[in-house]
file my_file_39.txt (compact mmCIF, C-alpha atoms and all ligand atoms)
# COMPACT_ATOMS: atom_id res chain seq x y z
CA MET A 1 7.36 99.83 -127.28
CA GLN A 2 10.71 100.22 -128.98
CA THR A 3 11.20 100.16 -132.71
CA THR A 4 12.28 97.11 -134.68
CA ILE A 5 15.98 96.47 -134.66
CA ASP A 6 17.65 94.62 -137.52
CA ARG A 7 15.41 91.89 -138.84
CA ARG A 8 14.04 90.91 -135.51
CA ARG A 9 11.91 92.47 -132.88
CA PHE A 10 12.81 94.19 -129.70
CA LEU A 11 11.30 92.47 -126.74
CA ARG A 12 10.42 94.92 -124.10
CA ALA A 13 8.50 92.29 -122.18
CA CYS A 14 11.69 90.40 -121.52
CA GLY A 15 13.75 93.40 -120.58
CA GLY A 16 14.33 94.92 -117.24
CA ALA A 17 12.69 98.32 -117.24
CA THR A 18 13.47 99.92 -113.92
CA LEU A 19 11.02 98.76 -111.36
CA LEU A 20 9.96 101.14 -108.70
CA ALA A 21 10.36 100.38 -105.05
CA MET A 22 7.44 98.65 -103.42
CA SER A 23 8.54 99.04 -99.82
CA ALA A 24 5.68 101.39 -98.97
CA LEU A 25 3.24 98.75 -100.12
CA THR A 26 4.91 95.85 -98.45
CA ARG A 27 3.06 95.87 -95.17
CA ALA A 28 5.47 93.30 -94.10
CA SER A 29 5.90 91.11 -91.10
CA PRO A 30 6.80 88.62 -93.78
CA LYS A 31 6.66 85.14 -92.39
CA SER A 32 9.92 83.58 -93.40
CA THR A 33 11.68 81.01 -91.33
CA ALA A 34 14.94 79.21 -91.77
CA THR A 35 12.99 75.97 -92.09
CA SER A 36 10.56 77.07 -94.86
CA SER A 37 10.74 74.70 -97.78
CA VAL A 38 9.34 75.27 -101.21
CA ALA A 39 8.33 71.59 -101.12
CA ALA A 40 5.20 72.86 -99.36
CA ALA A 41 3.95 73.94 -102.80
CA GLY A 42 3.65 70.29 -103.84
CA THR A 43 5.11 68.90 -107.04
CA ILE A 44 4.40 69.12 -110.75
CA ALA A 45 5.54 67.09 -113.76
CA ILE A 46 7.48 68.92 -116.45
CA GLY A 47 7.09 66.19 -119.00
CA PRO A 48 7.49 62.46 -118.35
CA GLY A 49 10.23 61.64 -115.87
CA LEU A 50 10.77 65.20 -114.64
CA GLN A 51 9.04 66.03 -111.38
CA VAL A 52 9.87 69.27 -109.52
CA ASN A 53 8.52 71.32 -106.65
CA ARG A 54 5.77 73.64 -107.87
CA PHE A 55 7.80 76.69 -106.86
CA GLY A 56 11.02 77.62 -108.63
CA PHE A 57 13.74 80.25 -108.59
CA GLY A 58 14.15 82.79 -111.40
CA ALA A 59 17.85 83.48 -111.97
CA MET A 60 17.55 86.59 -114.13
CA ARG A 61 18.12 88.95 -111.20
CA ILE A 62 21.53 87.60 -110.19
CA THR A 63 23.26 89.51 -113.00
CA GLY A 64 24.26 93.17 -113.21
CA PRO A 65 21.79 96.07 -113.51
CA GLN A 66 19.38 95.69 -116.46
CA GLU A 67 20.31 92.01 -116.57
CA TRP A 68 23.57 93.08 -118.19
CA GLY A 69 27.08 92.07 -117.15
CA PRO A 70 28.22 90.59 -113.87
CA PRO A 71 26.60 91.45 -110.55
CA ALA A 72 28.39 93.82 -108.18
CA ASP A 73 28.85 90.97 -105.68
CA ALA A 74 29.14 87.58 -107.37
CA ALA A 75 29.79 85.82 -104.04
CA ALA A 76 26.48 87.13 -102.70
CA MET A 77 24.63 85.88 -105.78
CA LYS A 78 26.20 82.43 -105.40
CA ALA A 79 25.05 82.46 -101.78
CA VAL A 80 21.49 83.22 -102.94
CA LEU A 81 21.63 80.27 -105.36
CA ARG A 82 22.94 77.90 -102.67
CA ARG A 83 20.35 79.09 -100.19
CA ALA A 84 17.62 78.50 -102.78
CA LEU A 85 18.66 74.86 -102.85
CA ASP A 86 18.74 74.70 -99.02
CA LEU A 87 15.14 75.91 -99.13
CA GLY A 88 14.13 72.97 -101.29
CA THR A 89 14.34 74.60 -104.73
CA ASN A 90 14.85 71.98 -107.43
CA PHE A 91 13.76 74.07 -110.42
CA ILE A 92 15.93 77.01 -111.51
CA ASP A 93 15.00 79.16 -114.48
CA THR A 94 17.66 80.93 -116.53
CA ALA A 95 18.50 81.90 -120.14
CA ASP A 96 21.60 82.57 -122.19
CA ALA A 97 20.28 86.14 -122.56
CA TYR A 98 20.53 86.89 -118.82
CA GLY A 99 23.80 88.74 -118.49
CA PRO A 100 24.12 87.54 -121.29
CA LYS A 101 25.72 84.25 -120.21
CA VAL A 102 26.33 85.56 -116.67
CA SER A 103 23.36 83.87 -115.02
CA GLU A 104 24.22 80.44 -116.47
CA GLU A 105 27.89 80.86 -115.53
CA LEU A 106 27.04 81.81 -111.95
CA ILE A 107 24.67 78.86 -111.59
CA ALA A 108 27.42 76.45 -112.64
CA ALA A 109 30.03 78.19 -110.47
CA ALA A 110 27.77 78.07 -107.41
CA LEU A 111 26.06 74.71 -107.79
CA HIS A 112 28.08 72.32 -109.97
CA PRO A 113 28.33 69.37 -109.40
CA TYR A 114 24.55 69.54 -109.22
CA PRO A 115 22.57 67.60 -106.65
CA ALA A 116 20.33 64.81 -107.93
CA GLY A 117 16.90 66.04 -108.91
CA LEU A 118 17.88 69.64 -109.70
CA VAL A 119 16.37 70.81 -112.99
CA ILE A 120 17.93 73.83 -114.65
CA ALA A 121 15.65 75.18 -117.34
CA THR A 122 17.27 77.51 -119.84
CA LYS A 123 16.24 79.26 -123.03
CA GLY A 124 17.54 80.30 -126.42
CA GLY A 125 16.23 82.60 -129.12
CA ILE A 126 17.01 86.08 -127.80
CA VAL A 127 20.25 88.02 -128.25
CA ARG A 128 21.42 91.12 -126.40
CA PRO A 129 23.31 93.61 -128.59
CA SER A 130 23.29 96.06 -125.65
CA ALA A 131 21.76 96.37 -122.18
CA PRO A 132 18.32 97.64 -123.19
CA GLU A 133 17.97 95.43 -126.26
CA TRP A 134 16.29 92.01 -126.22
CA VAL A 135 16.19 90.88 -129.84
CA ALA A 136 14.61 87.69 -131.15
CA ASP A 137 16.84 85.35 -133.13
CA CYS A 138 15.10 82.02 -133.52
CA ARG A 139 16.85 80.91 -136.66
CA PRO A 140 17.71 77.22 -136.42
CA ALA A 141 21.48 77.75 -136.67
CA HIS A 142 21.38 80.31 -133.88
CA LEU A 143 19.28 78.04 -131.66
CA ARG A 144 21.73 75.17 -132.13
CA ALA A 145 24.69 77.40 -131.22
CA ALA A 146 22.77 78.85 -128.25
CA CYS A 147 21.85 75.41 -126.90
CA GLU A 148 25.42 74.18 -127.26
CA GLY A 149 26.68 77.31 -125.49
CA SER A 150 24.24 76.75 -122.61
CA LEU A 151 25.29 73.10 -122.29
CA LYS A 152 28.94 74.19 -121.95
CA ARG A 153 28.30 77.05 -119.52
CA LEU A 154 25.97 74.99 -117.35
CA ARG A 155 28.36 71.99 -117.55
CA LEU A 156 25.49 69.70 -118.48
CA GLU A 157 25.34 66.82 -120.94
CA ARG A 158 21.62 67.33 -121.39
CA ILE A 159 19.36 70.26 -120.52
CA GLY A 160 16.28 69.10 -118.62
CA LEU A 161 13.99 71.75 -120.09
CA TYR A 162 14.97 74.03 -122.98
CA TYR A 163 12.65 76.83 -124.03
CA LEU A 164 12.25 78.70 -127.22
CA HIS A 165 12.51 82.09 -125.48
CA THR A 166 10.16 83.88 -127.85
CA VAL A 167 8.56 83.63 -131.26
CA ASP A 168 10.61 85.36 -133.93
CA PRO A 169 8.31 87.06 -136.44
CA GLU A 170 11.00 86.58 -139.08
CA VAL A 171 11.29 82.81 -138.63
CA PRO A 172 8.46 80.28 -138.97
CA LEU A 173 7.76 78.72 -135.59
CA VAL A 174 7.90 75.28 -137.19
CA ASP A 175 11.52 75.92 -138.27
CA SER A 176 12.61 77.11 -134.80
CA LEU A 177 10.93 74.23 -133.01
CA GLY A 178 12.13 71.78 -135.65
CA GLU A 179 15.69 72.54 -134.59
CA LEU A 180 14.82 71.99 -130.92
CA VAL A 181 13.27 68.64 -131.87
CA ARG A 182 16.54 67.70 -133.59
CA LEU A 183 18.54 68.74 -130.51
CA GLN A 184 16.18 66.62 -128.43
CA ALA A 185 16.69 63.62 -130.73
CA GLU A 186 20.45 64.09 -130.32
CA GLY A 187 20.04 63.90 -126.52
CA LYS A 188 21.01 67.51 -125.84
CA ILE A 189 17.56 68.50 -124.58
CA GLN A 190 15.25 66.36 -122.46
CA HIS A 191 12.07 68.41 -122.75
CA ILE A 192 11.05 71.38 -124.91
CA GLY A 193 9.18 74.45 -123.69
CA VAL A 194 7.92 77.64 -125.31
CA SER A 195 7.87 81.11 -123.82
CA ASN A 196 5.93 84.29 -124.49
CA VAL A 197 3.42 82.54 -126.74
CA THR A 198 -0.22 83.04 -127.64
CA VAL A 199 -2.78 80.23 -127.67
CA ALA A 200 -2.48 80.01 -131.47
CA GLU A 201 1.33 79.77 -131.24
CA LEU A 202 1.05 77.09 -128.56
CA ARG A 203 -1.27 75.12 -130.84
CA GLN A 204 1.24 75.40 -133.72
CA ALA A 205 4.10 74.43 -131.41
CA ARG A 206 2.27 71.33 -130.19
CA ALA A 207 1.81 70.21 -133.78
CA VAL A 208 5.60 70.12 -134.20
CA ALA A 209 6.94 69.09 -130.79
CA THR A 210 5.85 67.70 -127.46
CA ILE A 211 5.66 70.84 -125.35
CA ALA A 212 6.37 70.15 -121.68
CA SER A 213 6.01 73.69 -120.38
CA VAL A 214 4.86 77.16 -121.32
CA GLN A 215 6.48 80.18 -119.68
CA ASN A 216 4.53 83.43 -119.89
CA SER A 217 4.15 86.51 -117.73
CA TYR A 218 1.23 85.99 -115.37
CA SER A 219 0.17 87.24 -111.95
CA ALA A 220 -2.85 88.46 -110.02
CA ALA A 221 -2.27 91.89 -111.54
CA ASN A 222 -1.48 90.74 -115.08
CA ARG A 223 -3.91 88.27 -116.65
CA ARG A 224 -3.00 88.81 -120.28
CA SER A 225 -2.08 85.13 -120.57
CA GLU A 226 -5.26 83.85 -118.93
CA ASP A 227 -6.26 82.07 -122.17
CA VAL A 228 -2.84 80.45 -122.44
CA LEU A 229 -3.10 79.23 -118.85
CA ILE A 230 -6.51 77.71 -119.62
CA ALA A 231 -5.05 76.00 -122.71
CA CYS A 232 -2.25 74.57 -120.51
CA GLU A 233 -4.77 73.32 -117.95
CA GLN A 234 -6.72 71.58 -120.71
CA ALA A 235 -3.59 70.00 -122.14
CA GLY A 236 -2.01 69.18 -118.76
CA ILE A 237 1.06 71.33 -119.51
CA ALA A 238 3.02 73.08 -116.74
CA PHE A 239 2.48 76.84 -116.91
CA VAL A 240 5.54 78.61 -115.53
CA ALA A 241 4.57 82.12 -114.43
CA HIS A 242 7.37 84.60 -115.05
CA THR A 243 7.39 88.05 -113.43
CA PRO A 244 5.02 86.55 -110.80
CA LEU A 245 5.36 89.48 -108.42
CA ALA A 246 4.26 92.03 -111.03
CA ARG A 247 5.98 94.78 -109.12
CA ARG A 248 5.29 97.34 -111.80
CA ALA A 249 1.59 96.96 -111.06
CA LEU A 250 2.28 98.22 -107.56
CA THR A 251 3.15 101.72 -108.71
CA PRO A 252 0.31 104.22 -108.27
CA GLU A 253 -0.18 104.79 -112.00
CA ARG A 254 -0.48 101.07 -112.77
CA ARG A 255 -2.45 99.85 -109.77
CA ASN A 256 -5.66 98.00 -110.47
CA ALA A 257 -8.50 96.52 -108.44
CA GLN A 258 -6.73 93.16 -108.23
CA VAL A 259 -3.70 94.75 -106.62
CA ASP A 260 -5.88 96.67 -104.16
CA ALA A 261 -7.66 93.45 -103.16
CA LEU A 262 -4.37 91.60 -102.80
CA GLU A 263 -3.04 94.36 -100.60
CA ARG A 264 -6.06 94.12 -98.30
CA ILE A 265 -5.61 90.35 -98.04
CA ALA A 266 -1.88 90.71 -97.35
CA GLY A 267 -2.64 93.23 -94.61
CA ALA A 268 -5.31 91.04 -93.02
CA ARG A 269 -3.06 88.00 -93.05
CA GLY A 270 0.07 89.86 -91.94
CA VAL A 271 2.07 88.74 -94.95
CA SER A 272 3.89 90.80 -97.56
CA MET A 273 2.49 91.69 -100.98
CA ALA A 274 5.06 89.36 -102.56
CA GLN A 275 3.83 86.49 -100.41
CA ALA A 276 0.19 87.24 -101.19
CA ALA A 277 0.97 87.44 -104.92
CA LEU A 278 2.71 84.05 -104.83
CA ALA A 279 -0.07 82.49 -102.73
CA TRP A 280 -2.60 83.73 -105.31
CA LEU A 281 -0.66 82.03 -108.12
CA LEU A 282 -0.33 78.74 -106.23
CA THR A 283 -4.05 78.78 -105.52
CA ARG A 284 -5.08 79.86 -109.02
CA SER A 285 -4.29 76.55 -110.74
CA PRO A 286 -2.42 73.33 -110.01
CA VAL A 287 -0.53 73.73 -113.31
CA VAL A 288 0.98 77.09 -112.29
CA LEU A 289 4.63 77.07 -111.23
CA PRO A 290 5.82 80.53 -110.12
CA ILE A 291 9.50 81.43 -110.49
CA PRO A 292 10.07 84.58 -108.40
CA GLY A 293 13.45 86.18 -109.01
CA THR A 294 15.59 87.88 -106.45
CA SER A 295 19.14 88.90 -105.67
CA SER A 296 18.38 89.13 -101.96
CA LEU A 297 18.63 86.39 -99.34
CA ARG A 298 15.90 88.04 -97.30
CA HIS A 299 13.49 88.16 -100.24
CA LEU A 300 14.40 84.60 -101.19
CA GLU A 301 13.44 83.33 -97.75
CA GLU A 302 10.31 85.45 -97.65
CA ASN A 303 9.24 84.15 -101.06
CA ALA A 304 10.03 80.53 -100.18
CA SER A 305 7.79 80.74 -97.14
CA SER A 306 4.86 81.53 -99.49
CA ALA A 307 5.01 77.99 -100.84
CA ALA A 308 2.83 76.86 -97.94
CA LEU A 309 0.26 79.64 -98.36
CA ARG A 310 -3.06 79.30 -100.19
CA LEU A 311 -5.89 81.81 -100.46
CA SER A 312 -9.44 80.88 -99.50
CA ALA A 313 -12.22 80.75 -102.09
CA ASP A 314 -13.52 84.03 -100.69
CA GLU A 315 -10.10 85.71 -100.99
CA MET A 316 -9.75 84.46 -104.58
CA LYS A 317 -13.15 85.96 -105.32
CA GLN A 318 -12.08 89.28 -103.82
CA VAL A 319 -9.04 89.43 -106.12
CA GLY A 320 -11.25 88.52 -109.05
N1 LIG B 401 10.53 84.08 -120.38
C1 LIG B 401 10.70 85.40 -120.28
O1 LIG B 401 10.64 86.14 -121.27
C2 LIG B 401 10.97 85.99 -118.94
C3 LIG B 401 10.84 87.38 -118.74
C4 LIG B 401 11.07 87.90 -117.44
C5 LIG B 401 11.45 87.03 -116.43
N2 LIG B 401 11.59 85.68 -116.66
C6 LIG B 401 11.97 84.74 -115.58
O2 LIG B 401 11.08 84.94 -114.50
C7 LIG B 401 11.84 85.20 -113.32
C8 LIG B 401 11.07 86.15 -112.41
O3 LIG B 401 10.79 87.34 -113.11
P1 LIG B 401 11.34 88.75 -112.63
O4 LIG B 401 12.57 88.56 -111.83
O5 LIG B 401 11.39 89.63 -113.81
O6 LIG B 401 10.13 89.31 -111.77
P2 LIG B 401 9.55 89.01 -110.32
O7 LIG B 401 10.02 87.69 -109.82
O8 LIG B 401 8.10 89.22 -110.43
O9 LIG B 401 10.13 90.18 -109.46
C9 LIG B 401 11.51 90.31 -109.23
C10 LIG B 401 11.73 91.66 -108.63
O10 LIG B 401 11.05 91.73 -107.39
C11 LIG B 401 11.98 91.94 -106.33
N3 LIG B 401 11.58 91.02 -105.25
C12 LIG B 401 11.71 89.67 -105.22
N4 LIG B 401 11.18 89.19 -104.08
C13 LIG B 401 10.71 90.24 -103.39
C14 LIG B 401 10.08 90.38 -102.14
N5 LIG B 401 9.80 89.33 -101.38
N6 LIG B 401 9.74 91.65 -101.71
C15 LIG B 401 10.01 92.71 -102.47
N7 LIG B 401 10.62 92.65 -103.68
C16 LIG B 401 10.96 91.42 -104.12
C17 LIG B 401 13.34 91.66 -106.88
O11 LIG B 401 14.28 92.54 -106.31
P3 LIG B 401 15.43 91.99 -105.31
O12 LIG B 401 16.48 91.41 -106.17
O13 LIG B 401 15.84 93.22 -104.58
O14 LIG B 401 14.76 90.99 -104.42
C18 LIG B 401 13.16 91.98 -108.35
O15 LIG B 401 13.34 93.36 -108.59
C19 LIG B 401 13.16 85.76 -113.84
O16 LIG B 401 14.19 85.63 -112.88
C20 LIG B 401 13.37 84.94 -115.06
O17 LIG B 401 13.94 83.68 -114.70
C21 LIG B 401 11.34 85.16 -117.89

call {"tool": "encode", "arguments": {"input": "my_file_39.txt", "output": "structure tokens", "more": "lines below"}}
Ligand SMILES: NC(=O)c1ccc[n+]([C@@H]2O[C@H](COP(=O)([O-])OP(=O)(O)OC[C@H]3O[C@@H](n4cnc5c(N)ncnc54)[C@H](OP(=O)(O)O)[C@@H]3O)[C@@H](O)[C@H]2O)c1
result
Amino acid sequence: MQTTIDRRRFLRACGGATLLAMSALTRASPKSTATSSVAAAGTIAIGPGLQVNRFGFGAMRITGPQEWGPPADAAAMKAVLRRALDLGTNFIDTADAYGPKVSEELIAAALHPYPAGLVIATKGGIVRPSAPEWVADCRPAHLRAACEGSLKRLRLERIGLYYLHTVDPEVPLVDSLGELVRLQAEGKIQHIGVSNVTVAELRQARAVATIASVQNSYSAANRRSEDVLIACEQAGIAFVAHTPLARRALTPERRNAQVDALERIAGARGVSMAQAALAWLLTRSPVVLPIPGTSSLRHLEENASSAALRLSADEMKQVG
């Protein structure tokens, strides 16, 4: 973990440490077809009046390396975004910190005017002084400026779902969320979400605002937010699983028994590890909404075809 920078904390969890290639573990024959639709995942409510397919697209990977600056091929990234919509995606996850600004700008350039029913969820509360730095700034004035910047870049009058990207240890959560509640009252935000929270923080957040969604890192290989998922199930809150493919867990030094079991299941079914990981999430709980991120059309199609996959009770038991 990096040291504290300024008055806020460095957020390694949000950053893009180099991920190692997983090709050797992807025992492929991925089943993707041009007709796969993420609608096969079913739908989920993100607060009253906002229903989306239970399978989204994470738009962090469409920026430059380390989620910094523009991508090498902006036209290719716009094609990925458009193809995501062709495949039934109606929930896109982004943040002002991705690029920074680049992901939101590309989404608007590729998809505006937006089709009816498309929800673009974005986040504020993290700044990027340089490529490796992800620094919390959840002061109310910053959140207001961040939200207004996202509205402009995304060319929206109201953001369907706006997350507090993290909890800033220097700013009381009630103050950060209080500002989001004010932005909501002004009509700039439809629903409020929180990201990278503990159960205790979620409880505090719910005392201040109606929380429509939690977004934490969660996958078969990474269960650190299991208690938060359970709290979301109990409260009927959508749990958006970020980093759903947990590719770092596929490296030899980080492998665990869950990954080994998932690999056996993927091999037996003739699907890729990414598809098995997504199928596990969709099976794990009806409140889980995975948002796999990719810059590749091939991976996008492969991932989308997972929306129809579910693991059996026996397979879930094997993964543990
Ligand atoms: N709230 C937060 O703090 C937070 C933090 C991290 C992420 N997020 C959100 O969650 C989304 C997903 O997280 P993530 O992108 O970090 O992790 P991820 O979805 O688990 O994995 C993405 C990585 O896997 C690769 N990949 C995607 N599909 C693949 C496939 N079928 N086979 C092999 N490799 C594949 C991608 O590379 P290619 O580009 O080559 O496909 C990319 O390197 C982000 O886009 C972002 O919206 C939120």

call {"tool": "residues_near_point", "arguments": {"input": "my_file_39.txt", "point": "(-10.6, 86.5, -112.8)", "cutoff": "8 Å", "atoms": "all atoms listed in the file", "output": "ChimeraX atom specification"}}
result
/A:223,317,319-320

call {"tool": "residues_around", "arguments": {"input": "my_file_39.txt", "residues": "range 155-167 of chain A", "least_positions_apart": "5", "cutoff": "7 Å", "atoms": "only C-alpha atoms", "output": "VMD selection string"}}
result
chain A and resid 108 119 to 126 136 173 187 to 197

call {"tool": "atom_distance", "arguments": {"input": "my_file_39.txt", "atom1": "CA of Ser219 in chain A", "atom2": "CA of Ser36 in chain A"}}
result
22.4 Å

call {"tool": "residues_around", "arguments": {"input": "my_file_39.txt", "residues": "range 79-94 of chain A", "least_positions_apart": "4", "cutoff": "8 Å", "atoms": "all atoms listed in the file", "output": "PyMOL selection string"}}
result
chain A and resi 35-39+52-53+55-60+75+98+103-104+107+110-111+117-123+291+295-297+300-301+304

call {"tool": "atom_distance", "arguments": {"input": "my_file_39.txt", "atom1": "CA of Gln234 in chain A", "atom2": "CA of Leu311 in chain A"}}
result
22.7 Å

call {"tool": "axis_aligned_box", "arguments": {"input": "my_file_39.txt", "around": "ligand LIG 401 (chain B)", "padding_each_side": "5 Å", "output": "AutoDock Vina command-line options"}}
result
--center_x 12.3 --center_y 88.5 --center_z -111.3 --size_x 18.4 --size_y 19.7 --size_z 29.9

call {"tool": "residues_around", "arguments": {"input": "my_file_39.txt", "residues": "Gly64 in chain A", "least_positions_apart": "2", "cutoff": "10 Å", "atoms": "all atoms listed in the file", "output": "list in words"}}
result
Met60, Arg61, Ile62, Gln66, Glu67, Trp68, Gly69, Pro70, Pro71, Ala72, Asp73, Ala74, Tyr98, Gly99, Pro100, Val102, Ser103 and Ala131 of chain A

call {"tool": "closest_residue", "arguments": {"input": "my_file_39.txt", "among": "A:Arg153, A:Val214, A:Glu315, A:Leu229", "to": "Glu263 in chain A", "atoms": "only C-alpha atoms"}}
result
A:Glu315

call {"tool": "closest_residue", "arguments": {"input": "my_file_39.txt", "among": "A:Ala95, A:Leu154, A:Ala231, A:Val127", "to": "ligand LIG 401 (chain B)", "atoms": "all atoms listed in the file"}}
result
A:Ala95

call {"tool": "residues_around", "arguments": {"input": "my_file_39.txt", "residues": "Cys138 in chain A", "least_positions_apart": "6", "cutoff": "7 Å", "atoms": "only C-alpha atoms", "output": "PDB file with C-alpha atoms, in the coordinates of the input"}}
result
ATOM      1  CA  GLY A 125      16.230  82.600-129.120  1.00  0.00           C
ATOM      2  CA  ASP A 168      10.610  85.360-133.930  1.00  0.00           C
ATOM      3  CA  VAL A 171      11.290  82.810-138.630  1.00  0.00           C
ATOM      4  CA  SER A 176      12.610  77.110-134.800  1.00  0.00           C
TER       5      SER A 176
END

call {"tool": "atom_distance", "arguments": {"input": "my_file_39.txt", "atom1": "CA of Gln275 in chain A", "atom2": "CA of Pro252 in chain A"}}
result
19.7 Å

call {"tool": "closest_residue", "arguments": {"input": "my_file_39.txt", "among": "A:Ala266, A:Ala220, A:Met273, A:Ala145", "to": "ligand LIG 401 (chain B)", "atoms": "only C-alpha atoms and all ligand atoms"}}
result
A:Met273

call {"tool": "residues_around", "arguments": {"input": "my_file_39.txt", "residues": "Pro244 in chain A", "least_positions_apart": "6", "cutoff": "8 Å", "atoms": "all atoms listed in the file", "output": "PyMOL selection string"}}
result
chain A and resi 217-219+277-278+281+290-292

call {"tool": "closest_residue", "arguments": {"input": "my_file_39.txt", "among": "A:Asp260, A:Arg182, A:His112, A:Asp227", "to": "Ala200 in chain A", "atoms": "only C-alpha atoms"}}
result
A:Asp227

call {"tool": "closest_residue", "arguments": {"input": "my_file_39.txt", "among": "A:Ala235, A:Ile211, A:Leu245, A:Ala307", "to": "ligand LIG 401 (chain B)", "atoms": "all atoms listed in the file"}}
result
A:Leu245
